[in-house]
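Below: protein-v3.cif (mmCIF, C-alpha atoms)
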```cif
data_protein
#
loop_
_atom_site.label_atom_id
_atom_site.label_comp_id
_atom_site.auth_asym_id
_atom_site.auth_seq_id
_atom_site.Cartn_x
_atom_site.Cartn_y
_atom_site.Cartn_z
CA MET A 1 -0.89 -19.44 -38.00
CA ILE A 2 1.95 -20.74 -35.90
CA GLU A 3 3.55 -17.34 -36.19
CA CYS A 4 0.28 -15.64 -35.15
CA ASP A 5 0.25 -17.75 -31.96
CA GLU A 6 3.77 -16.56 -31.19
CA ILE A 7 3.07 -12.95 -32.04
CA ARG A 8 -0.24 -12.41 -30.22
CA PRO A 9 1.19 -12.62 -26.66
CA LEU A 10 3.66 -9.89 -27.64
CA LEU A 11 1.11 -7.35 -28.87
CA ALA A 12 0.41 -5.80 -25.46
CA ALA A 13 4.14 -5.45 -24.83
CA LEU A 14 4.57 -3.85 -28.27
CA LEU A 15 1.94 -1.26 -27.39
CA ASP A 16 3.69 -0.68 -24.05
CA ARG A 17 7.08 -0.33 -25.81
CA GLU A 18 8.43 -3.12 -23.65
CA LEU A 19 9.83 -5.33 -26.41
CA THR A 20 13.47 -5.53 -27.43
CA ALA A 21 14.42 -3.95 -30.74
CA THR A 22 14.62 -7.39 -32.35
CA ASP A 23 11.17 -8.46 -31.16
CA THR A 24 9.68 -5.09 -32.08
CA ALA A 25 10.94 -5.46 -35.65
CA ARG A 26 9.67 -9.05 -35.84
CA VAL A 27 6.18 -8.20 -34.54
CA GLU A 28 5.83 -5.09 -36.70
CA ALA A 29 6.85 -7.05 -39.78
CA HIS A 30 4.19 -9.64 -38.94
CA LEU A 31 1.51 -6.98 -38.45
CA LYS A 32 2.18 -5.59 -41.92
CA GLY A 33 1.36 -8.95 -43.46
CA CYS A 34 -1.36 -10.26 -41.13
CA GLU A 35 -4.69 -8.49 -41.26
CA HIS A 36 -6.13 -10.41 -38.33
CA CYS A 37 -3.29 -9.64 -35.89
CA ALA A 38 -3.27 -6.02 -37.10
CA LYS A 39 -6.97 -5.78 -36.21
CA VAL A 40 -6.34 -7.24 -32.76
CA PHE A 41 -3.55 -4.73 -32.27
CA ASP A 42 -5.89 -1.88 -33.24
CA GLU A 43 -8.38 -3.13 -30.66
CA TYR A 44 -5.66 -3.13 -28.01
CA ARG A 45 -4.94 0.45 -28.96
CA ALA A 46 -8.63 1.38 -28.69
CA LEU A 47 -8.72 -0.32 -25.28
CA ARG A 48 -5.79 1.84 -24.19
CA GLU A 49 -7.44 5.02 -25.44
CA SER A 50 -10.62 4.26 -23.53
CA ALA A 51 -8.60 3.49 -20.39
CA VAL A 52 -6.64 6.72 -20.68
CA VAL A 53 -9.75 8.89 -20.81
CA SER A 54 -11.73 6.78 -18.36
CA PRO A 55 -12.67 9.10 -15.49
CA ALA A 56 -11.72 8.28 -11.94
CA PRO A 57 -13.45 9.81 -8.93
CA VAL A 58 -12.00 12.96 -7.45
CA PRO A 59 -10.33 11.83 -4.26
CA ILE A 60 -11.23 13.28 -0.93
CA ASP A 61 -8.57 14.76 1.34
CA LEU A 62 -7.61 11.71 3.35
CA TRP A 63 -5.02 13.51 5.47
CA ALA A 64 -7.68 15.32 7.48
CA SER A 65 -9.12 12.06 8.82
CA ILE A 66 -5.76 10.27 9.00
CA GLY A 67 -4.18 13.17 10.91
CA ASN A 68 -7.00 13.13 13.47
CA ALA A 69 -6.87 9.35 13.83
CA ILE A 70 -3.15 9.18 14.49
CA ASP A 71 -3.42 11.98 17.06
CA ASP A 72 -5.88 9.91 19.08
CA THR A 73 -4.14 6.58 18.82
CA PRO A 74 -0.88 5.89 20.58
CA SER A 75 1.68 4.38 18.26
CA VAL A 76 2.80 0.80 18.70
CA ASP A 77 6.28 1.78 19.87
CA LEU A 78 4.86 4.36 22.29
CA ALA A 79 2.50 1.73 23.70
CA ALA A 80 5.42 -0.69 24.04
CA GLU A 81 7.44 2.00 25.78
CA MET A 82 4.58 2.66 28.20
CA ARG A 83 4.29 -1.07 28.94
CA LEU A 84 8.02 -1.23 29.67
CA MET A 85 7.80 1.79 31.97
CA ARG A 86 4.88 0.22 33.86
CA GLN A 87 6.94 -2.96 34.35
CA GLU A 88 9.92 -0.92 35.57
CA MET A 89 7.71 0.99 37.99
CA GLN A 90 6.32 -2.26 39.33
CA ALA A 91 9.85 -3.65 39.81
CA LEU A 92 10.87 -0.45 41.63
CA ARG A 93 7.81 -0.64 43.89
CA GLU A 94 8.70 -4.21 44.83
CA GLU A 95 12.29 -3.19 45.54
CA VAL A 96 11.17 -0.32 47.77
CA ALA A 97 8.76 -2.64 49.60
CA ALA A 98 11.58 -5.14 50.21
CA LEU A 99 13.84 -2.41 51.56
CA ARG A 100 11.08 -1.15 53.87
CA TYR A 101 10.60 -4.67 55.16
CA GLU A 102 14.32 -5.01 55.85
CA LEU A 103 14.33 -1.65 57.58
CA ALA A 104 11.39 -2.59 59.79
CA LYS A 105 13.01 -5.90 60.69
CA ARG A 106 16.43 -4.57 61.80
CA PRO A 107 16.06 -0.95 62.82
CA ALA A 108 18.56 -0.96 65.70
CA GLU A 109 21.34 -2.62 63.72
CA ILE A 110 20.93 -0.26 60.79
CA VAL A 111 20.91 2.78 63.06
CA ARG A 112 24.04 1.58 64.79
CA ARG A 113 25.84 0.84 61.51
CA GLY A 114 24.80 4.04 59.90
CA THR A 115 25.65 6.40 62.72
CA SER A 116 28.79 5.07 64.38
CA LEU A 117 32.36 6.10 63.75
CA THR A 118 35.37 3.95 64.66
CA LEU A 119 38.62 5.74 65.33
CA SER A 120 40.91 2.73 64.85
CA ASP A 121 44.10 4.74 65.20
CA ALA A 122 42.99 6.44 68.43
CA PRO A 123 44.97 5.20 71.41
CA GLY A 124 43.78 3.90 74.81
CA ARG A 125 40.32 4.86 75.88
CA TYR A 126 39.29 5.92 72.37
CA SER A 127 39.50 2.40 70.88
CA LYS A 128 35.70 1.92 71.05
CA PRO A 129 33.54 3.52 68.40
CA TYR A 130 32.03 6.91 69.16
CA GLN A 131 28.24 6.85 69.07
CA LEU A 132 27.15 9.94 67.19
CA VAL A 133 23.47 9.53 68.04
CA MET B 1 9.58 8.40 4.46
CA ILE B 2 12.33 7.39 6.89
CA ARG B 3 11.73 10.54 8.95
CA ALA B 4 8.01 9.81 8.91
CA MET B 5 8.65 6.28 10.13
CA GLN B 6 10.85 7.67 12.92
CA GLY B 7 7.77 9.46 14.26
CA ASP B 8 7.91 12.82 12.46
CA LYS B 9 4.23 13.56 11.93
CA ASN B 10 4.87 16.45 9.53
CA ALA B 11 6.99 14.17 7.36
CA PHE B 12 4.20 11.57 7.42
CA ALA B 13 1.67 14.24 6.41
CA HIS B 14 3.92 15.06 3.46
CA VAL B 15 4.06 11.38 2.42
CA VAL B 16 0.27 11.00 2.69
CA LYS B 17 -0.51 14.20 0.79
CA ASN B 18 1.93 13.29 -1.97
CA HIS B 19 0.52 9.80 -2.49
CA GLN B 20 -3.12 9.86 -1.39
CA GLU B 21 -4.59 10.63 -4.81
CA ARG B 22 -2.64 7.93 -6.61
CA LEU B 23 -3.33 5.34 -3.91
CA TYR B 24 -7.02 6.23 -3.84
CA ARG B 25 -7.42 5.90 -7.61
CA PHE B 26 -5.51 2.63 -7.55
CA ALA B 27 -7.70 1.22 -4.76
CA TYR B 28 -10.81 2.41 -6.58
CA ARG B 29 -9.82 0.55 -9.76
CA MET B 30 -9.03 -2.53 -7.70
CA VAL B 31 -12.29 -2.71 -5.72
CA GLY B 32 -14.69 -0.62 -7.83
CA ASP B 33 -16.20 1.24 -4.91
CA ARG B 34 -15.44 4.84 -4.02
CA ASP B 35 -16.19 4.66 -0.29
CA ALA B 36 -14.39 1.36 0.14
CA ALA B 37 -11.35 2.74 -1.71
CA GLY B 38 -11.21 5.74 0.65
CA ASP B 39 -11.53 3.50 3.72
CA ILE B 40 -8.89 1.07 2.46
CA VAL B 41 -6.29 3.78 1.82
CA GLN B 42 -7.08 5.57 5.07
CA ASP B 43 -6.88 2.42 7.21
CA THR B 44 -3.72 1.27 5.48
CA LEU B 45 -1.94 4.56 6.13
CA ILE B 46 -3.10 4.70 9.75
CA ARG B 47 -1.82 1.15 10.31
CA LEU B 48 1.46 2.10 8.64
CA TRP B 49 1.88 4.96 11.13
CA GLN B 50 0.92 2.81 14.11
CA SER B 51 3.39 0.08 13.21
CA ARG B 52 6.13 2.41 12.00
CA ASP B 53 8.68 0.86 14.38
CA ARG B 54 8.51 -2.28 12.22
CA TYR B 55 9.12 -0.40 8.97
CA THR B 56 12.27 -1.29 7.08
CA PRO B 57 13.20 0.78 4.01
CA GLN B 58 12.79 -1.32 0.89
CA GLY B 59 12.92 0.19 -2.59
CA ALA B 60 10.84 3.09 -3.84
CA VAL B 61 8.29 4.59 -1.44
CA THR B 62 5.50 4.59 -4.06
CA ALA B 63 6.07 0.90 -4.80
CA TYR B 64 5.94 0.12 -1.08
CA LEU B 65 2.71 2.08 -0.56
CA LEU B 66 1.06 0.51 -3.61
CA ARG B 67 2.09 -2.91 -2.30
CA ILE B 68 0.46 -2.45 1.09
CA VAL B 69 -2.68 -0.88 -0.41
CA ARG B 70 -2.92 -3.81 -2.81
CA SER B 71 -2.78 -6.23 0.13
CA ALA B 72 -5.56 -4.29 1.82
CA CYS B 73 -7.64 -4.46 -1.38
CA ILE B 74 -7.18 -8.24 -1.48
CA ASP B 75 -8.27 -8.46 2.17
CA TYR B 76 -11.31 -6.30 1.41
CA VAL B 77 -12.39 -8.53 -1.46
CA ARG B 78 -11.91 -11.66 0.67
CA ALA B 79 -13.94 -10.17 3.50
CA ASN B 80 -16.79 -9.08 1.20
CA LYS B 81 -18.19 -12.20 -0.38
CA ASN B 82 -20.63 -10.21 -2.50
CA TRP B 83 -17.88 -7.95 -3.68
CA ASN B 84 -18.18 -8.85 -7.37
CA HIS B 85 -21.78 -7.67 -7.35
CA VAL B 86 -20.68 -4.21 -6.33
CA ARG B 87 -21.35 -1.79 -9.11
CA ILE B 88 -18.71 0.71 -10.14
CA ASP B 89 -20.01 4.15 -9.27
CA ASP B 90 -18.35 6.35 -11.80
CA ASP B 91 -18.68 10.03 -12.48
CA VAL B 92 -20.05 9.42 -15.96
CA PRO B 93 -23.73 10.42 -16.16
CA ALA B 94 -26.03 7.48 -16.77
CA ALA B 95 -28.15 9.31 -19.32
CA SER B 96 -26.55 11.78 -21.62
CA THR B 97 -28.07 14.03 -24.22
CA CYS B 98 -25.00 13.60 -26.42
CA GLU B 99 -24.77 10.30 -28.30
CA ALA B 100 -20.94 10.27 -28.34
CA SER B 101 -20.84 11.03 -24.65
CA ALA B 102 -23.37 8.27 -23.94
CA PHE B 103 -21.22 5.85 -25.93
CA ALA B 104 -18.07 6.89 -24.05
CA GLY B 105 -19.92 6.57 -20.76
CA ALA B 106 -21.13 3.07 -21.63
CA LEU B 107 -17.64 2.05 -22.75
CA HIS B 108 -16.02 3.33 -19.55
CA GLU B 109 -18.63 1.61 -17.45
CA ALA B 110 -18.17 -1.63 -19.39
CA LEU B 111 -14.39 -1.33 -19.01
CA ASP B 112 -14.63 -0.84 -15.26
CA LEU B 113 -16.97 -3.79 -14.87
CA ALA B 114 -14.87 -6.03 -17.12
CA LEU B 115 -11.80 -5.02 -15.13
CA LEU B 116 -13.43 -6.20 -11.91
CA ARG B 117 -14.10 -9.59 -13.48
CA LEU B 118 -10.42 -10.17 -14.20
CA PRO B 119 -8.36 -12.31 -11.82
CA GLU B 120 -6.74 -10.02 -9.25
CA THR B 121 -3.21 -10.80 -10.50
CA GLN B 122 -4.13 -9.62 -14.01
CA ARG B 123 -6.23 -6.68 -12.83
CA VAL B 124 -3.43 -5.19 -10.73
CA VAL B 125 -1.01 -5.36 -13.65
CA PHE B 126 -3.50 -3.79 -16.06
CA VAL B 127 -4.40 -1.00 -13.60
CA LEU B 128 -0.78 -0.11 -12.83
CA SER B 129 0.18 -0.24 -16.50
CA GLU B 130 -2.77 1.52 -18.11
CA PHE B 131 -4.08 3.85 -15.43
CA ASP B 132 -0.82 4.56 -13.63
CA GLY B 133 1.48 4.42 -16.65
CA MET B 134 4.05 2.29 -14.86
CA THR B 135 6.67 0.28 -16.74
CA TYR B 136 6.79 -3.52 -16.43
CA GLN B 137 9.92 -3.17 -14.30
CA GLU B 138 8.19 -0.79 -11.88
CA ILE B 139 5.17 -3.09 -11.69
CA ALA B 140 7.48 -6.05 -11.05
CA GLU B 141 8.92 -4.12 -8.09
CA VAL B 142 5.45 -3.46 -6.64
CA LEU B 143 4.36 -7.07 -7.05
CA GLY B 144 7.68 -8.68 -6.24
CA CYS B 145 7.60 -10.87 -9.33
CA PRO B 146 9.75 -11.20 -12.48
CA HIS B 147 9.43 -8.85 -15.44
CA GLY B 148 8.29 -11.74 -17.64
CA THR B 149 5.40 -12.52 -15.29
CA VAL B 150 4.20 -8.92 -15.58
CA ALA B 151 4.38 -9.15 -19.38
CA SER B 152 2.37 -12.37 -19.54
CA ARG B 153 -0.27 -11.09 -17.07
CA LYS B 154 -0.60 -7.85 -19.00
CA SER B 155 -1.05 -9.79 -22.23
CA ALA B 156 -3.68 -12.06 -20.67
CA ALA B 157 -5.55 -9.10 -19.16
CA SER B 158 -5.53 -7.16 -22.43
CA GLU B 159 -6.78 -10.17 -24.36
CA ALA B 160 -9.59 -10.88 -21.86
CA LEU B 161 -10.71 -7.25 -21.90
CA ARG B 162 -10.50 -7.04 -25.68
CA LYS B 163 -12.77 -10.05 -26.03
CA GLU B 164 -15.25 -8.76 -23.48
CA LEU B 165 -15.36 -5.23 -24.88
CA ARG B 166 -15.21 -6.14 -28.55
CA PRO B 167 -18.59 -4.55 -29.45
CA TRP B 168 -17.35 -1.18 -28.13
CA LEU B 169 -13.80 -1.51 -29.38
CA GLU B 170 -14.91 -2.40 -32.91
CA GLY B 171 -16.92 0.82 -32.93
CA GLU B 172 -13.85 2.75 -31.81
CA VAL B 173 -11.60 1.10 -34.39
CA ASN B 174 -14.08 1.67 -37.24
CA ASP B 175 -14.39 5.35 -36.30
#
```
As structure tokens - that is how I would like this structure written.
Amino acid sequence: MIECDEIRPLLAALLDRELTATDTARVEAHLKGCEHCAKVFDEYRALRESAVVSPAPVPIDLWASIGNAIDDTPSVDLAAEMRLMRQEMQALREEVAALRYELAKRPAEIVRRGTSLTLSDAPGRYSKPYQLV
Amino acid sequence: MIRAMQGDKNAFAHVVKNHQERLYRFAYRMVGDRDAAGDIVQDTLIRLWQSRDRYTPQGAVTAYLLRIVRSACIDYVRANKNWNHVRIDDDVPAASTCEASAFAGALHEALDLALLRLPETQRVVFVLSEFDGMTYQEIAEVLGCPHGTVASRKSAASEALRKELRPWLEGEVND
């Protein structure tokens, strides 16, 4: 009986051909001499046969619905990219607004700086910058 | 799979079409409901596409897909408190004119119901082993557990089902 207790947990693995050669030989030898364990093993085999022929439902084509769903839904990385772009656009808007403010505050200075030309090597009366506008 | 996870929709379609039947049958055996199985697989694959930027290649694609569908099945069962009252809706006709066919139908129905009564950890091993024909090593990869754990769960599941289905199995053995 002690041997039966050791053998029984191995019967499923024997049926699945998952035992080592040594264990397979040991379990098979036991089954030849133990009617009760042999009967249990036969029932495991019958269980397998009924599982093998057990019908499963015919699956539907899932791709049709999955394909449609993923067309409509932005992916996570695309959504993240869009969020990042929105943040960048906001930062750019703020930068442009700051530049406009600066421009409005100091128009004359900017015009002068941007449109004058200094001829530093010109002698005499040409030492002052030429105003181009 | 890598191309699919880089955003190639055609590659993703290929992955889905190659695996949908297996995943659907697996989910069906795990939850015992045809519509729920379809929804579970569909939602899981849509979520996989949506979060593809987080995908990191890890082992066989089939094992990965079975793993995420299994998680979704567990979530489904948790969310549906009356889940174990759901009746398996199989293709076997309830009343058959042939006695042998009626017996087979009753046995399959009893097997499906007994399967749903198993603890989830045993059921998943039995389903992948018997219905999917996976080796213990392949199952261990799906479940992320040692080979020995798979062997002991398979043994426990087989023994529980044998005891529950003994009236049918004795008939099969005697035939």
Practice prompt. Expand the PyMOL selection byres ((chain B) within 7 of (chain A)) into the individual residues it matches in the shown file, reporting them as JSON, numbers by chain.
Written response: {"B": [13, 16, 17, 20, 21, 24, 25, 42, 46, 50, 51, 53, 90, 91, 108, 130, 131, 151, 154, 155, 158, 162, 169, 170, 172, 173]}
Using the chain letters and numbers from the file, which residues does the PyMOL selection byres ((chain B and resi 142) around 7) grab, as a PDB file with C-alpha atoms, keeping the file's coordinate frame?
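Below you can see result_36.pdb, which holds the result:
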```
ATOM      1  CA  ALA B  63       6.070   0.900  -4.800  1.00  0.00           C
ATOM      2  CA  TYR B  64       5.940   0.120  -1.080  1.00  0.00           C
ATOM      3  CA  LEU B  66       1.060   0.510  -3.610  1.00  0.00           C
ATOM      4  CA  ARG B  67       2.090  -2.910  -2.300  1.00  0.00           C
ATOM      5  CA  GLU B 138       8.190  -0.790 -11.880  1.00  0.00           C
ATOM      6  CA  ILE B 139       5.170  -3.090 -11.690  1.00  0.00           C
ATOM      7  CA  ALA B 140       7.480  -6.050 -11.050  1.00  0.00           C
ATOM      8  CA  GLU B 141       8.920  -4.120  -8.090  1.00  0.00           C
ATOM      9  CA  LEU B 143       4.360  -7.070  -7.050  1.00  0.00           C
ATOM     10  CA  GLY B 144       7.680  -8.680  -6.240  1.00  0.00           C
TER      11      GLY B 144
END
```
Discussion item. Rounded to one decimal, what separation in Å do you get between CA of Ile74 in chain B and CA of Glu120 in chain B?
Written reply: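 Computing it gives 8.0 Å between the two atoms.
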Edge lengths and centre in Å, axis-aligned, range 64-78 of chain B plus 5 Å each side, as lines of an AutoDock Vina configuration file:
```
center_x = -3.2
center_y = -4.8
center_z = -0.7
size_x = 28.3
size_y = 23.7
size_z = 15.8
```
Fill in: Residue members of the PyMOL selection byres ((chain B and resi 72) around 12) in the file shown, as a PyMOL selection string
chain B and resi 23+26-28+30-31+36-45+47-48+65-71+73-79
Worksheet item: For the atom pair CA of Thr62 in chain B and CA of His19 in chain B, what is the interatomic distance in Å to one decimal place?
Response: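 One can read the CA of Thr62 in chain B to CA of His19 in chain B distance as 7.4 Å.
CA of Arg123 in chain B is found 16.6 Å from CA of Gln137 in chain B.
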Discussion item. Please list as a list in words every residue within 9 Å of Arg3 in chain B, counting all atoms listed in the file and excluding residues in the same chain fewer than 6 positions away.
Written reply: Lys9, Ala11 and Phe12 of chain B
Since we have the selection now, will you write its residues out, keeping C-alpha atoms, as a CSV table (one decimal), in the coordinates of the input?
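part23.csv was written with the following content:
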```csv
chain,number,residue,atom,x,y,z
B,9,LYS,CA,4.2,13.6,11.9
B,11,ALA,CA,7.0,14.2,7.4
B,12,PHE,CA,4.2,11.6,7.4
```
